[in-house]
>>> print(open('start.txt').read())   # compact mmCIF, N, CA and C atoms
# COMPACT_ATOMS: atom_id res chain seq x y z
N MET X 170 0.85 -1.19 0.00
CA MET X 170 0.00 0.00 0.00
C MET X 170 0.89 1.25 0.00
N THR X 171 0.47 2.21 -0.73
CA THR X 171 1.18 3.48 -0.81
C THR X 171 0.45 4.52 0.02
N LYS X 172 1.15 5.15 0.94
CA LYS X 172 0.58 6.24 1.72
C LYS X 172 0.89 7.54 1.00
N VAL X 173 -0.14 8.37 0.85
CA VAL X 173 0.05 9.66 0.19
C VAL X 173 -0.33 10.76 1.18
N TYR X 174 0.60 11.66 1.40
CA TYR X 174 0.38 12.80 2.29
C TYR X 174 0.13 14.03 1.43
N TYR X 175 -0.88 14.80 1.79
CA TYR X 175 -1.31 15.95 0.99
C TYR X 175 -1.19 17.22 1.82
N LYS X 176 -0.68 18.27 1.16
CA LYS X 176 -0.61 19.58 1.81
C LYS X 176 -0.95 20.65 0.78
N ASN X 177 -1.82 21.56 1.16
CA ASN X 177 -2.14 22.70 0.31
C ASN X 177 -1.60 23.94 1.01
N GLN X 178 -0.58 24.56 0.44
CA GLN X 178 -0.01 25.75 1.06
C GLN X 178 -0.45 27.02 0.34
N THR X 179 -1.60 26.95 -0.34
CA THR X 179 -2.16 28.13 -1.01
C THR X 179 -3.55 28.41 -0.41
N LYS X 180 -4.16 29.48 -0.89
CA LYS X 180 -5.53 29.79 -0.49
C LYS X 180 -6.54 29.15 -1.43
N ALA X 181 -6.06 28.46 -2.46
CA ALA X 181 -6.95 27.80 -3.43
C ALA X 181 -7.75 26.71 -2.72
N LYS X 182 -9.01 26.67 -3.00
CA LYS X 182 -9.89 25.66 -2.41
C LYS X 182 -9.89 24.42 -3.30
N ILE X 183 -9.31 23.34 -2.79
CA ILE X 183 -9.29 22.06 -3.50
C ILE X 183 -10.28 21.16 -2.77
N SER X 184 -11.27 20.66 -3.48
CA SER X 184 -12.32 19.87 -2.83
C SER X 184 -11.77 18.56 -2.29
N GLN X 185 -12.45 18.03 -1.29
CA GLN X 185 -12.05 16.74 -0.72
C GLN X 185 -12.11 15.65 -1.79
N SER X 186 -13.07 15.73 -2.68
CA SER X 186 -13.19 14.77 -3.77
C SER X 186 -11.96 14.80 -4.68
N THR X 187 -11.49 16.00 -5.00
CA THR X 187 -10.30 16.15 -5.84
C THR X 187 -9.07 15.63 -5.12
N ILE X 188 -8.95 15.92 -3.84
CA ILE X 188 -7.81 15.43 -3.05
C ILE X 188 -7.80 13.90 -3.07
N CYS X 189 -8.95 13.28 -2.90
CA CYS X 189 -9.04 11.81 -2.94
C CYS X 189 -8.63 11.28 -4.31
N LYS X 190 -9.02 11.96 -5.37
CA LYS X 190 -8.65 11.51 -6.72
C LYS X 190 -7.16 11.69 -6.99
N ILE X 191 -6.57 12.75 -6.48
CA ILE X 191 -5.12 12.95 -6.62
C ILE X 191 -4.39 11.79 -5.94
N LYS X 192 -4.80 11.49 -4.72
CA LYS X 192 -4.17 10.39 -3.97
C LYS X 192 -4.37 9.05 -4.68
N LYS X 193 -5.57 8.84 -5.21
CA LYS X 193 -5.85 7.59 -5.92
C LYS X 193 -4.97 7.47 -7.17
N ALA X 194 -4.82 8.58 -7.91
CA ALA X 194 -4.00 8.56 -9.13
C ALA X 194 -2.55 8.22 -8.79
N ILE X 195 -2.04 8.77 -7.71
CA ILE X 195 -0.67 8.47 -7.30
C ILE X 195 -0.55 7.01 -6.91
N ARG X 196 -1.49 6.52 -6.10
CA ARG X 196 -1.45 5.11 -5.68
C ARG X 196 -1.51 4.17 -6.88
N LEU X 197 -2.42 4.44 -7.81
CA LEU X 197 -2.54 3.58 -9.00
C LEU X 197 -1.22 3.53 -9.76
N THR X 198 -0.59 4.67 -9.92
CA THR X 198 0.67 4.75 -10.67
C THR X 198 1.77 3.94 -9.99
N VAL X 199 1.94 4.17 -8.71
CA VAL X 199 3.03 3.54 -7.97
C VAL X 199 2.78 2.04 -7.79
N GLU X 200 1.56 1.69 -7.42
CA GLU X 200 1.28 0.29 -7.11
C GLU X 200 1.22 -0.58 -8.35
N GLU X 201 0.92 0.00 -9.49
CA GLU X 201 0.96 -0.79 -10.72
C GLU X 201 2.40 -1.18 -11.05
N ALA X 202 3.31 -0.25 -10.82
CA ALA X 202 4.72 -0.52 -11.12
C ALA X 202 5.37 -1.41 -10.06
N TYR X 203 5.01 -1.21 -8.80
CA TYR X 203 5.63 -1.94 -7.69
C TYR X 203 4.54 -2.39 -6.71
N PRO X 204 3.80 -3.42 -7.06
CA PRO X 204 2.66 -3.84 -6.23
C PRO X 204 3.05 -4.39 -4.86
N GLU X 205 4.26 -4.85 -4.70
CA GLU X 205 4.70 -5.44 -3.43
C GLU X 205 5.38 -4.45 -2.50
N ASN X 206 5.78 -3.29 -3.00
CA ASN X 206 6.54 -2.33 -2.19
C ASN X 206 5.62 -1.45 -1.36
N LEU X 207 6.14 -0.99 -0.25
CA LEU X 207 5.45 -0.05 0.62
C LEU X 207 6.11 1.31 0.45
N PHE X 208 5.34 2.30 0.00
CA PHE X 208 5.89 3.62 -0.26
C PHE X 208 5.11 4.71 0.44
N GLU X 209 5.79 5.83 0.65
CA GLU X 209 5.17 7.07 1.08
C GLU X 209 5.50 8.12 0.03
N VAL X 210 4.49 8.90 -0.32
CA VAL X 210 4.66 10.00 -1.28
C VAL X 210 4.01 11.23 -0.67
N SER X 211 4.69 12.34 -0.79
CA SER X 211 4.16 13.62 -0.32
C SER X 211 3.78 14.43 -1.55
N VAL X 212 2.59 15.02 -1.54
CA VAL X 212 2.18 15.91 -2.63
C VAL X 212 1.78 17.25 -2.01
N THR X 213 2.37 18.31 -2.55
CA THR X 213 2.11 19.66 -2.04
C THR X 213 1.58 20.52 -3.17
N ILE X 214 0.50 21.22 -2.90
CA ILE X 214 -0.06 22.20 -3.83
C ILE X 214 0.50 23.56 -3.42
N CYS X 215 1.09 24.26 -4.38
CA CYS X 215 1.71 25.56 -4.08
C CYS X 215 1.29 26.57 -5.14
N ASP X 216 1.89 27.76 -5.08
CA ASP X 216 1.63 28.78 -6.09
C ASP X 216 2.83 28.91 -7.02
N ASP X 217 2.69 29.73 -8.06
CA ASP X 217 3.76 29.90 -9.04
C ASP X 217 5.03 30.49 -8.42
N ASP X 218 4.90 31.39 -7.46
CA ASP X 218 6.09 31.98 -6.85
C ASP X 218 6.94 30.92 -6.17
N TYR X 219 6.30 30.03 -5.43
CA TYR X 219 7.02 28.99 -4.70
C TYR X 219 7.69 28.00 -5.66
N ILE X 220 6.93 27.52 -6.65
CA ILE X 220 7.51 26.53 -7.58
C ILE X 220 8.59 27.18 -8.45
N HIS X 221 8.45 28.48 -8.75
CA HIS X 221 9.47 29.21 -9.50
C HIS X 221 10.80 29.16 -8.73
N GLN X 222 10.72 29.43 -7.45
CA GLN X 222 11.92 29.41 -6.59
C GLN X 222 12.56 28.02 -6.60
N LEU X 223 11.75 26.98 -6.45
CA LEU X 223 12.29 25.61 -6.47
C LEU X 223 12.88 25.25 -7.82
N ASN X 224 12.20 25.65 -8.89
CA ASN X 224 12.66 25.34 -10.24
C ASN X 224 14.01 26.02 -10.51
N ARG X 225 14.16 27.24 -10.05
CA ARG X 225 15.42 27.97 -10.21
C ARG X 225 16.53 27.30 -9.38
N GLU X 226 16.21 26.97 -8.13
CA GLU X 226 17.20 26.40 -7.23
C GLU X 226 17.66 25.00 -7.63
N TYR X 227 16.72 24.14 -8.03
CA TYR X 227 17.05 22.74 -8.26
C TYR X 227 17.26 22.36 -9.72
N ARG X 228 16.71 23.15 -10.65
CA ARG X 228 16.85 22.81 -12.06
C ARG X 228 17.53 23.89 -12.87
N GLY X 229 17.82 25.03 -12.24
CA GLY X 229 18.47 26.12 -12.94
C GLY X 229 17.59 26.79 -13.97
N LYS X 230 16.27 26.65 -13.83
CA LYS X 230 15.34 27.25 -14.78
C LYS X 230 14.58 28.36 -14.05
N ASP X 231 14.78 29.59 -14.51
CA ASP X 231 14.26 30.77 -13.83
C ASP X 231 12.84 31.10 -14.30
N LYS X 232 11.92 30.18 -14.03
CA LYS X 232 10.52 30.38 -14.39
C LYS X 232 9.67 29.37 -13.62
N PRO X 233 8.40 29.67 -13.45
CA PRO X 233 7.53 28.68 -12.82
C PRO X 233 7.31 27.50 -13.76
N THR X 234 6.92 26.39 -13.19
CA THR X 234 6.60 25.19 -13.96
C THR X 234 5.34 24.59 -13.35
N ASP X 235 4.80 23.57 -13.99
CA ASP X 235 3.56 22.99 -13.47
C ASP X 235 3.79 22.04 -12.31
N VAL X 236 4.82 21.20 -12.41
CA VAL X 236 5.04 20.18 -11.39
C VAL X 236 6.53 19.85 -11.30
N LEU X 237 6.97 19.57 -10.09
CA LEU X 237 8.34 19.10 -9.85
C LEU X 237 8.27 17.80 -9.06
N SER X 238 9.22 16.92 -9.34
CA SER X 238 9.32 15.65 -8.64
C SER X 238 10.68 15.59 -7.96
N PHE X 239 10.68 15.15 -6.72
CA PHE X 239 11.92 15.00 -5.97
C PHE X 239 12.00 13.58 -5.44
N PRO X 240 12.60 12.66 -6.22
CA PRO X 240 12.76 11.28 -5.74
C PRO X 240 13.70 11.26 -4.54
N MET X 241 13.43 10.35 -3.61
CA MET X 241 14.22 10.32 -2.39
C MET X 241 15.28 9.22 -2.36
N LEU X 242 14.86 7.99 -2.45
CA LEU X 242 15.78 6.88 -2.21
C LEU X 242 15.65 5.81 -3.26
N GLU X 243 16.65 4.97 -3.32
CA GLU X 243 16.52 3.74 -4.09
C GLU X 243 15.58 2.82 -3.32
N PHE X 244 14.82 2.03 -4.03
CA PHE X 244 13.82 1.19 -3.35
C PHE X 244 13.98 -0.25 -3.77
N ASP X 245 14.74 -0.97 -2.98
CA ASP X 245 14.98 -2.37 -3.33
C ASP X 245 14.50 -3.33 -2.25
N THR X 246 13.85 -2.83 -1.21
CA THR X 246 13.35 -3.67 -0.14
C THR X 246 11.83 -3.53 -0.07
N PRO X 247 11.09 -4.44 -0.70
CA PRO X 247 9.64 -4.28 -0.80
C PRO X 247 8.91 -4.24 0.54
N ASP X 248 9.41 -4.90 1.56
CA ASP X 248 8.66 -5.01 2.81
C ASP X 248 8.97 -3.90 3.81
N VAL X 249 9.78 -2.93 3.44
CA VAL X 249 10.10 -1.80 4.31
C VAL X 249 9.49 -0.55 3.72
N MET X 250 8.72 0.21 4.56
CA MET X 250 8.12 1.45 4.10
C MET X 250 9.23 2.41 3.69
N THR X 251 9.17 2.89 2.45
CA THR X 251 10.21 3.74 1.88
C THR X 251 9.59 5.04 1.38
N LEU X 252 10.22 6.15 1.72
CA LEU X 252 9.79 7.43 1.19
C LEU X 252 10.21 7.49 -0.28
N LEU X 253 9.24 7.43 -1.17
CA LEU X 253 9.52 7.44 -2.61
C LEU X 253 9.93 8.82 -3.07
N GLY X 254 9.26 9.85 -2.56
CA GLY X 254 9.64 11.21 -2.95
C GLY X 254 8.53 12.21 -2.74
N ASP X 255 8.81 13.43 -3.19
CA ASP X 255 7.88 14.55 -3.05
C ASP X 255 7.41 15.02 -4.42
N ILE X 256 6.17 15.41 -4.47
CA ILE X 256 5.57 16.00 -5.67
C ILE X 256 5.12 17.40 -5.29
N ILE X 257 5.51 18.39 -6.08
CA ILE X 257 5.10 19.78 -5.84
C ILE X 257 4.36 20.23 -7.10
N ILE X 258 3.11 20.68 -6.92
CA ILE X 258 2.28 21.09 -8.07
C ILE X 258 1.87 22.55 -7.88
N SER X 259 2.07 23.36 -8.90
CA SER X 259 1.61 24.75 -8.87
C SER X 259 0.15 24.80 -9.31
N VAL X 260 -0.71 25.19 -8.39
CA VAL X 260 -2.13 25.30 -8.73
C VAL X 260 -2.36 26.43 -9.73
N ASP X 261 -1.50 27.46 -9.69
CA ASP X 261 -1.63 28.58 -10.65
C ASP X 261 -1.42 28.08 -12.07
N THR X 262 -0.31 27.37 -12.30
CA THR X 262 -0.01 26.86 -13.63
C THR X 262 -1.00 25.76 -14.02
N ALA X 263 -1.37 24.90 -13.08
CA ALA X 263 -2.35 23.85 -13.37
C ALA X 263 -3.68 24.46 -13.82
N THR X 264 -4.09 25.54 -13.20
CA THR X 264 -5.34 26.22 -13.58
C THR X 264 -5.25 26.76 -15.00
N LYS X 265 -4.12 27.40 -15.32
CA LYS X 265 -3.92 27.93 -16.68
C LYS X 265 -3.92 26.81 -17.71
N GLN X 266 -3.22 25.72 -17.40
CA GLN X 266 -3.15 24.60 -18.34
C GLN X 266 -4.51 23.93 -18.51
N ALA X 267 -5.27 23.81 -17.44
CA ALA X 267 -6.60 23.20 -17.54
C ALA X 267 -7.46 24.01 -18.50
N GLU X 268 -7.41 25.32 -18.38
CA GLU X 268 -8.17 26.19 -19.29
C GLU X 268 -7.67 26.04 -20.72
N GLU X 269 -6.36 26.03 -20.89
CA GLU X 269 -5.75 25.93 -22.22
C GLU X 269 -6.11 24.61 -22.90
N TYR X 270 -6.11 23.51 -22.15
CA TYR X 270 -6.37 22.19 -22.72
C TYR X 270 -7.84 21.78 -22.66
N GLY X 271 -8.68 22.63 -22.08
CA GLY X 271 -10.11 22.31 -21.99
C GLY X 271 -10.42 21.24 -20.95
N ASN X 272 -9.59 21.16 -19.92
CA ASN X 272 -9.78 20.20 -18.84
C ASN X 272 -10.32 20.90 -17.60
N THR X 273 -10.81 20.10 -16.66
CA THR X 273 -11.14 20.64 -15.35
C THR X 273 -9.84 20.75 -14.56
N LEU X 274 -9.86 21.56 -13.52
CA LEU X 274 -8.68 21.65 -12.65
C LEU X 274 -8.42 20.29 -11.99
N GLU X 275 -9.48 19.60 -11.62
CA GLU X 275 -9.33 18.28 -11.01
C GLU X 275 -8.57 17.33 -11.94
N ARG X 276 -8.95 17.29 -13.19
CA ARG X 276 -8.29 16.41 -14.15
C ARG X 276 -6.83 16.80 -14.34
N GLU X 277 -6.55 18.10 -14.40
CA GLU X 277 -5.18 18.56 -14.59
C GLU X 277 -4.31 18.22 -13.37
N LEU X 278 -4.85 18.40 -12.17
CA LEU X 278 -4.10 18.06 -10.96
C LEU X 278 -3.81 16.56 -10.91
N CYS X 279 -4.77 15.75 -11.31
CA CYS X 279 -4.56 14.30 -11.33
C CYS X 279 -3.55 13.90 -12.40
N PHE X 280 -3.64 14.52 -13.57
CA PHE X 280 -2.66 14.25 -14.63
C PHE X 280 -1.25 14.57 -14.13
N LEU X 281 -1.08 15.74 -13.52
CA LEU X 281 0.24 16.13 -13.04
C LEU X 281 0.72 15.20 -11.93
N SER X 282 -0.20 14.69 -11.12
CA SER X 282 0.15 13.73 -10.07
C SER X 282 0.67 12.43 -10.66
N VAL X 283 -0.01 11.93 -11.69
CA VAL X 283 0.44 10.70 -12.37
C VAL X 283 1.79 10.95 -13.05
N HIS X 284 1.89 12.04 -13.77
CA HIS X 284 3.12 12.38 -14.48
C HIS X 284 4.31 12.43 -13.51
N SER X 285 4.10 13.12 -12.42
CA SER X 285 5.17 13.27 -11.44
C SER X 285 5.49 11.96 -10.73
N SER X 286 4.48 11.14 -10.48
CA SER X 286 4.71 9.82 -9.87
C SER X 286 5.59 8.96 -10.77
N LEU X 287 5.36 9.04 -12.07
CA LEU X 287 6.21 8.29 -13.00
C LEU X 287 7.66 8.77 -12.93
N HIS X 288 7.84 10.07 -12.74
CA HIS X 288 9.20 10.59 -12.56
C HIS X 288 9.81 10.02 -11.27
N LEU X 289 9.02 9.94 -10.20
CA LEU X 289 9.54 9.37 -8.95
C LEU X 289 9.98 7.94 -9.14
N LEU X 290 9.32 7.24 -10.06
CA LEU X 290 9.66 5.84 -10.33
C LEU X 290 10.84 5.69 -11.28
N GLY X 291 11.37 6.83 -11.75
CA GLY X 291 12.59 6.78 -12.56
C GLY X 291 12.41 7.04 -14.04
N TYR X 292 11.20 7.31 -14.50
CA TYR X 292 10.98 7.60 -15.92
C TYR X 292 11.25 9.07 -16.19
N ASP X 293 11.82 9.37 -17.36
CA ASP X 293 12.13 10.75 -17.71
C ASP X 293 11.91 10.97 -19.20
N HIS X 294 10.81 11.62 -19.53
CA HIS X 294 10.45 11.87 -20.93
C HIS X 294 11.42 12.81 -21.62
N GLU X 295 12.22 13.54 -20.86
CA GLU X 295 13.14 14.50 -21.46
C GLU X 295 14.45 13.87 -21.92
N THR X 296 14.74 12.65 -21.47
CA THR X 296 16.03 12.06 -21.83
C THR X 296 15.91 10.78 -22.65
N SER X 297 14.71 10.22 -22.74
CA SER X 297 14.55 8.96 -23.45
C SER X 297 13.22 8.93 -24.20
N GLU X 298 13.29 8.67 -25.49
CA GLU X 298 12.06 8.54 -26.27
C GLU X 298 11.23 7.36 -25.79
N GLU X 299 11.89 6.31 -25.37
CA GLU X 299 11.18 5.13 -24.85
C GLU X 299 10.41 5.50 -23.58
N ASP X 300 11.04 6.24 -22.67
CA ASP X 300 10.34 6.68 -21.46
C ASP X 300 9.20 7.62 -21.81
N GLU X 301 9.42 8.48 -22.80
CA GLU X 301 8.36 9.41 -23.20
C GLU X 301 7.13 8.64 -23.70
N ARG X 302 7.34 7.64 -24.56
CA ARG X 302 6.22 6.84 -25.05
C ARG X 302 5.53 6.10 -23.90
N TYR X 303 6.34 5.52 -23.02
CA TYR X 303 5.80 4.80 -21.88
C TYR X 303 4.98 5.74 -20.98
N MET X 304 5.52 6.92 -20.70
CA MET X 304 4.83 7.86 -19.82
C MET X 304 3.50 8.31 -20.43
N ILE X 305 3.49 8.61 -21.70
CA ILE X 305 2.24 9.04 -22.37
C ILE X 305 1.20 7.93 -22.27
N SER X 306 1.62 6.71 -22.56
CA SER X 306 0.71 5.56 -22.51
C SER X 306 0.20 5.33 -21.09
N LYS X 307 1.09 5.33 -20.12
CA LYS X 307 0.72 5.07 -18.72
C LYS X 307 -0.17 6.16 -18.16
N GLN X 308 0.14 7.41 -18.49
CA GLN X 308 -0.68 8.52 -18.01
C GLN X 308 -2.11 8.35 -18.46
N LYS X 309 -2.29 8.05 -19.72
CA LYS X 309 -3.63 7.86 -20.26
C LYS X 309 -4.33 6.68 -19.59
N GLU X 310 -3.62 5.56 -19.49
CA GLU X 310 -4.18 4.36 -18.89
C GLU X 310 -4.60 4.58 -17.44
N ILE X 311 -3.76 5.20 -16.66
CA ILE X 311 -4.04 5.40 -15.24
C ILE X 311 -5.18 6.41 -15.04
N LEU X 312 -5.19 7.45 -15.83
CA LEU X 312 -6.28 8.42 -15.72
C LEU X 312 -7.62 7.78 -16.08
N GLU X 313 -7.62 6.90 -17.06
CA GLU X 313 -8.84 6.17 -17.40
C GLU X 313 -9.27 5.26 -16.24
N LYS X 314 -8.32 4.56 -15.62
CA LYS X 314 -8.62 3.71 -14.46
C LYS X 314 -9.19 4.53 -13.31
N ALA X 315 -8.72 5.76 -13.18
CA ALA X 315 -9.17 6.62 -12.10
C ALA X 315 -10.49 7.33 -12.45
N GLY X 316 -11.00 7.08 -13.63
CA GLY X 316 -12.26 7.70 -14.04
C GLY X 316 -12.11 9.13 -14.53
N LEU X 317 -10.93 9.45 -15.02
CA LEU X 317 -10.67 10.81 -15.50
C LEU X 317 -10.31 10.82 -16.96
>>> encode(input="start.txt", output="structure tokens")
Amino acid sequence: MTKVYYKNQTKAKISQSTICKIKKAIRLTVEEAYPENLFEVSVTICDDDYIHQLNREYRGKDKPTDVLSFPMLEFDTPDVMTLLGDIIISVDTATKQAEEYGNTLERELCFLSVHSSLHLLGYDHETSEEDERYMISKQKEILEKAGL
């Protein structure tokens, strides 16, 4: 089982239903890849100013982004609870993208949660075409499983 911890550090109102779907999307992603492992994942909703600061500090990119993933540890012991990593999502950018793509904010937050969870598991669409194809396929599949 994957434990997901949620924190909203903005004034944006995220419904309990949306929070449950974000957690479900993360669990589906992680548990499909590693059904026997015990993981903890932290997801934080922030604003563009906060994620901009993190993006500049950790990636050298001086602009806000939609989501950042911070993997924590190698995970080779399935029976020990392991902190998989942190997910940071900008609700400001997610709101803009939802409007741009014709999605609800709920769907965009869940998409970003799945996308970032795949990064925590080691996939990187920016460095491998194979990972990019896999991530696109998995994102779609998991969102469909989650009813999104």
>>> atom_distance(input="start.txt", atom1="CA of Met304 (chain X)", atom2="CA of Tyr292 (chain X)")
7.3 Å
>>> residues_near_point(input="start.txt", point="(5.4, 2.3, 3.6)", cutoff="7 Å", atoms="only N, CA and C atoms", output="JSON, numbers by chain")
{"X": [170, 171, 172, 206, 207, 208, 209, 249, 250, 251, 252]}
>>> select_by_dssp(input="start.txt", residues="chain X", states="helix (DSSP H, G or I)", output="PyMOL selection string")
chain X and resi 185-202+217-228+260-270+274-289+298-314
>>> select_by_dssp(input="start.txt", residues="chain X", states="strand (DSSP E)", output="mmCIF file with N, CA and C atoms, keeping the file's coordinate frame")
data_model
loop_
_atom_site.group_PDB
_atom_site.id
_atom_site.type_symbol
_atom_site.label_atom_id
_atom_site.label_comp_id
_atom_site.auth_asym_id
_atom_site.auth_seq_id
_atom_site.Cartn_x
_atom_site.Cartn_y
_atom_site.Cartn_z
ATOM 1 N N THR X 171 0.470 2.210 -0.730
ATOM 2 C CA THR X 171 1.180 3.480 -0.810
ATOM 3 C C THR X 171 0.450 4.520 0.020
ATOM 4 N N LYS X 172 1.150 5.150 0.940
ATOM 5 C CA LYS X 172 0.580 6.240 1.720
ATOM 6 C C LYS X 172 0.890 7.540 1.000
ATOM 7 N N VAL X 173 -0.140 8.370 0.850
ATOM 8 C CA VAL X 173 0.050 9.660 0.190
ATOM 9 C C VAL X 173 -0.330 10.760 1.180
ATOM 10 N N TYR X 174 0.600 11.660 1.400
ATOM 11 C CA TYR X 174 0.380 12.800 2.290
ATOM 12 C C TYR X 174 0.130 14.030 1.430
ATOM 13 N N TYR X 175 -0.880 14.800 1.790
ATOM 14 C CA TYR X 175 -1.310 15.950 0.990
ATOM 15 C C TYR X 175 -1.190 17.220 1.820
ATOM 16 N N LYS X 176 -0.680 18.270 1.160
ATOM 17 C CA LYS X 176 -0.610 19.580 1.810
ATOM 18 C C LYS X 176 -0.950 20.650 0.780
ATOM 19 N N ASN X 177 -1.820 21.560 1.160
ATOM 20 C CA ASN X 177 -2.140 22.700 0.310
ATOM 21 C C ASN X 177 -1.600 23.940 1.010
ATOM 22 N N PHE X 208 5.340 2.300 0.000
ATOM 23 C CA PHE X 208 5.890 3.620 -0.260
ATOM 24 C C PHE X 208 5.110 4.710 0.440
ATOM 25 N N GLU X 209 5.790 5.830 0.650
ATOM 26 C CA GLU X 209 5.170 7.070 1.080
ATOM 27 C C GLU X 209 5.500 8.120 0.030
ATOM 28 N N VAL X 210 4.490 8.900 -0.320
ATOM 29 C CA VAL X 210 4.660 10.000 -1.280
ATOM 30 C C VAL X 210 4.010 11.230 -0.670
ATOM 31 N N SER X 211 4.690 12.340 -0.790
ATOM 32 C CA SER X 211 4.160 13.620 -0.320
ATOM 33 C C SER X 211 3.780 14.430 -1.550
ATOM 34 N N VAL X 212 2.590 15.020 -1.540
ATOM 35 C CA VAL X 212 2.180 15.910 -2.630
ATOM 36 C C VAL X 212 1.780 17.250 -2.010
ATOM 37 N N THR X 213 2.370 18.310 -2.550
ATOM 38 C CA THR X 213 2.110 19.660 -2.040
ATOM 39 C C THR X 213 1.580 20.520 -3.170
ATOM 40 N N ILE X 214 0.500 21.220 -2.900
ATOM 41 C CA ILE X 214 -0.060 22.200 -3.830
ATOM 42 C C ILE X 214 0.500 23.560 -3.420
ATOM 43 N N CYS X 215 1.090 24.260 -4.380
ATOM 44 C CA CYS X 215 1.710 25.560 -4.080
ATOM 45 C C CYS X 215 1.290 26.570 -5.140
ATOM 46 N N VAL X 236 4.820 21.200 -12.410
ATOM 47 C CA VAL X 236 5.040 20.180 -11.390
ATOM 48 C C VAL X 236 6.530 19.850 -11.300
ATOM 49 N N LEU X 237 6.970 19.570 -10.090
ATOM 50 C CA LEU X 237 8.340 19.100 -9.850
ATOM 51 C C LEU X 237 8.270 17.800 -9.060
ATOM 52 N N SER X 238 9.220 16.920 -9.340
ATOM 53 C CA SER X 238 9.320 15.650 -8.640
ATOM 54 C C SER X 238 10.680 15.590 -7.960
ATOM 55 N N PHE X 239 10.680 15.150 -6.720
ATOM 56 C CA PHE X 239 11.920 15.000 -5.970
ATOM 57 C C PHE X 239 12.000 13.580 -5.440
ATOM 58 N N PRO X 240 12.600 12.660 -6.220
ATOM 59 C CA PRO X 240 12.760 11.280 -5.740
ATOM 60 C C PRO X 240 13.700 11.260 -4.540
ATOM 61 N N THR X 251 9.170 2.890 2.450
ATOM 62 C CA THR X 251 10.210 3.740 1.880
ATOM 63 C C THR X 251 9.590 5.040 1.380
ATOM 64 N N LEU X 252 10.220 6.150 1.720
ATOM 65 C CA LEU X 252 9.790 7.430 1.190
ATOM 66 C C LEU X 252 10.210 7.490 -0.280
ATOM 67 N N LEU X 253 9.240 7.430 -1.170
ATOM 68 C CA LEU X 253 9.520 7.440 -2.610
ATOM 69 C C LEU X 253 9.930 8.820 -3.070
ATOM 70 N N GLY X 254 9.260 9.850 -2.560
ATOM 71 C CA GLY X 254 9.640 11.210 -2.950
ATOM 72 C C GLY X 254 8.530 12.210 -2.740
ATOM 73 N N ASP X 255 8.810 13.430 -3.190
ATOM 74 C CA ASP X 255 7.880 14.550 -3.050
ATOM 75 C C ASP X 255 7.410 15.020 -4.420
ATOM 76 N N ILE X 256 6.170 15.410 -4.470
ATOM 77 C CA ILE X 256 5.570 16.000 -5.670
ATOM 78 C C ILE X 256 5.120 17.400 -5.290
ATOM 79 N N ILE X 257 5.510 18.390 -6.080
ATOM 80 C CA ILE X 257 5.100 19.780 -5.840
ATOM 81 C C ILE X 257 4.360 20.230 -7.100
ATOM 82 N N ILE X 258 3.110 20.680 -6.920
ATOM 83 C CA ILE X 258 2.280 21.090 -8.070
ATOM 84 C C ILE X 258 1.870 22.550 -7.880
ATOM 85 N N SER X 259 2.070 23.360 -8.900
ATOM 86 C CA SER X 259 1.610 24.750 -8.870
ATOM 87 C C SER X 259 0.150 24.800 -9.310
#
>>> residues_around(input="start.txt", residues="region 261-277 of chain X", least_positions_apart="3", cutoff="10 Å", atoms="only C-alpha atoms", output="PyMOL selection string")
chain X and resi 179+181+183-184+186-188+190-191+214-218+220+233-236+258+280-283+312+316-317
>>> residues_around(input="start.txt", residues="Pro240 (chain X)", least_positions_apart="5", cutoff="7 Å", atoms="only N, CA and C atoms", output="ChimeraX atom specification")
/X:252-255,288-290
>>> atom_distance(input="start.txt", atom1="CA of Gly229 (chain X)", atom2="CA of Ser211 (chain X)")
22.8 Å
>>> atom_distance(input="start.txt", atom1="atom C of Ile195 (chain X)", atom2="CA of Asp231 (chain X)")
28.8 Å
>>> residues_near_point(input="start.txt", point="(4.3, -8.0, -1.4)", cutoff="7 Å", atoms="all atoms listed in the file", output="list of chain:residue names")
X:Pro204, X:Glu205, X:Asn206, X:Pro247, X:Asp248
